[in-house]
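Reviewing the structure listed below.
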Amino acid sequence: MADQPNLKIAIGTYGHTHALKRGDVRIEGVDPAFVEVVPIIGAFRRMVRDVEFDICEMAPTTYMIARALGAPFIALPVFLMRRFHHGGFVVRPDAGIKVPKDLEGKKVGVRAYSVTTGVWTRGIFVNEYGLDSAKVTWVVDDEEHVTTLKLPPNVVHAPEGKSLQSMMKAGEIQAGFTGPAGVGRAGPPISGWDKAGEAAAAADTYPELIADVEKVEADWFRNSGIYPIHGLIVVKDEHIKRYPWLARSLMNAFVAAKKPYLEQLKQGQGDSPEDKRYLNFLSLMSDPLPYGIAANRPSIEALVTYSLQQELIPSRPQLDRVFVEIDP
């Protein structure tokens with residue numbers, strides 16, 4: 001194309017994006033300038049605060065909040081990370097928490113209130129287990145990506161000098177999310193934060209709240225059709241308007257980059273934690289990384305509902321206002 005834009009792109013490096021970032025798969029009509037940001041959530045912040053990139057991966061909850069506040073970028077239904085969210089939530093054995101409803105009146109640690117992992121799990125606890133989220137004190141130890149987000153009154157910040165890890169160990173919080181969403185990391189999102197957190201938490205292990213979680217998640221998926229979305233792609237509005245072919249070109253490129261990775265998974269190959277997660281999901285679905293509106297509508301609608309319930313967005317948006325309606 002004569003008018004071939006040079007676009008600055010920040011996306012994570014995954015099995016299904018390697019071919020794109022290496023240049024084995026081209027984005028037709030685009031001269032891409034890939035920017036490496038580790039961990040990738042650092043790029044989320046830079047995009048919502050400074051609109052630094054032309055195309056960027058972003059947590060879907062962060063995106064919906066930013067879009068509701070007038071952010072000048074729109075999402076493509078390309079979801080670069082998937083997982084279920086009944087698990088990854090642990091409790092102190094002495095806290096008397098046996099079911100999600102028991103969290104009422106307790107203090108629970110989450111890195112930030114709007115982190116997508118937290119939104120999914122709270123939504124499941126509220127809608128599947130009857131939790132009243134307003135009766136839980138949500139303790140955070142990091143800032144929200146969207147700094148202007150007004151938080152509900154039952155969200156409080158950890159005291160100066162304390163982390164969720166230290167508070168969980170001391171019994172000052174009674175439950176929390178594992179990994180980067182909570183007690184499994186330390187400090188702000190800079191390179192190595194998750195590893196530092198894992199090392200710091202290695203001496204303490206806590207039981208998962210939901211037992212037999214893989215079976216519970218599989219049954220929930222079969223019954224609801226909801227497969228939680230993460231890591232969508234946003235594009236500056238100005239580029240979508242100026243280059244009407246761009247959304248299709250990007251979708252085609254992401255689909256082409258994913259193809260060899262899916263073949264690898266179907267042959268039983270893959271050693272990383274995310275490879276093993278998607279290998280397990282092949283028993284539930286033919287494609288553990290589905291793109292497009294049609295395949296993901298139940299999941300998108302569920303996350304919108306959960307975000308409304310948790311006071312993160314002011315109203316239910318029309319999907320064509322927050323997503324380019326495109327399928328592979």
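In the structure tokens, the first chain shown is A, the next is B, and so on; residue numbers restart at 1 for each chain, and ligands run from 1 in the order shown.
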> Excluding same-chain residues fewer than 3 positions from Asp94 (chain A), what lies within 9 Å of it counting only C-alpha atoms, as a PyMOL selection string?
Replying inline: chain A and resi 91+97+171+174
Save the residues we just selected, C-alpha atoms, as an mmCIF file, in the first residue's frame?
data_model
loop_
_atom_site.group_PDB
_atom_site.id
_atom_site.type_symbol
_atom_site.label_atom_id
_atom_site.label_comp_id
_atom_site.auth_asym_id
_atom_site.auth_seq_id
_atom_site.Cartn_x
_atom_site.Cartn_y
_atom_site.Cartn_z
ATOM 1 C CA VAL A 91 -7.057 -18.174 52.400
ATOM 2 C CA ILE A 97 -13.202 -19.163 55.390
ATOM 3 C CA GLY A 171 -2.892 -12.290 59.612
ATOM 4 C CA GLN A 174 -7.294 -13.248 55.721
#
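Distance-wise, CA of Pro39 (chain A) and CA of His230 (chain A) end up 14.7 Å apart.
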Neighbour list for region 266-277 of chain A as JSON, numbers by chain, cut-off 10 Å, only C-alpha atoms, skip fewer than 6 positions in-chain: {"A": [14, 15, 81, 82, 83, 84, 260, 286, 287, 288]}
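Residues in contact with region 309-324 of chain A at 6 Å, where only C-alpha atoms are counted and same-chain residues fewer than 6 positions away are skipped, are listed as A:Ile65, A:Ile74, A:Ala75, A:Leu76.
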The selected residues should be written to file as a short mmCIF file (atom, residue, chain, number, x, y, z; two decimals), in the first residue's frame (atoms: N, CA and C atoms).
data_model
loop_
_atom_site.label_atom_id
_atom_site.label_comp_id
_atom_site.auth_asym_id
_atom_site.auth_seq_id
_atom_site.Cartn_x
_atom_site.Cartn_y
_atom_site.Cartn_z
N ILE A 65 -12.63 0.69 31.56
CA ILE A 65 -12.62 1.87 32.42
C ILE A 65 -12.11 3.08 31.64
N ILE A 74 -9.63 2.09 20.64
CA ILE A 74 -10.72 1.11 20.65
C ILE A 74 -10.13 -0.29 20.57
N ALA A 75 -10.89 -1.28 21.06
CA ALA A 75 -10.38 -2.64 21.16
C ALA A 75 -10.70 -3.47 19.93
N LEU A 76 -9.79 -4.37 19.61
CA LEU A 76 -10.06 -5.47 18.70
C LEU A 76 -10.33 -6.72 19.54
#
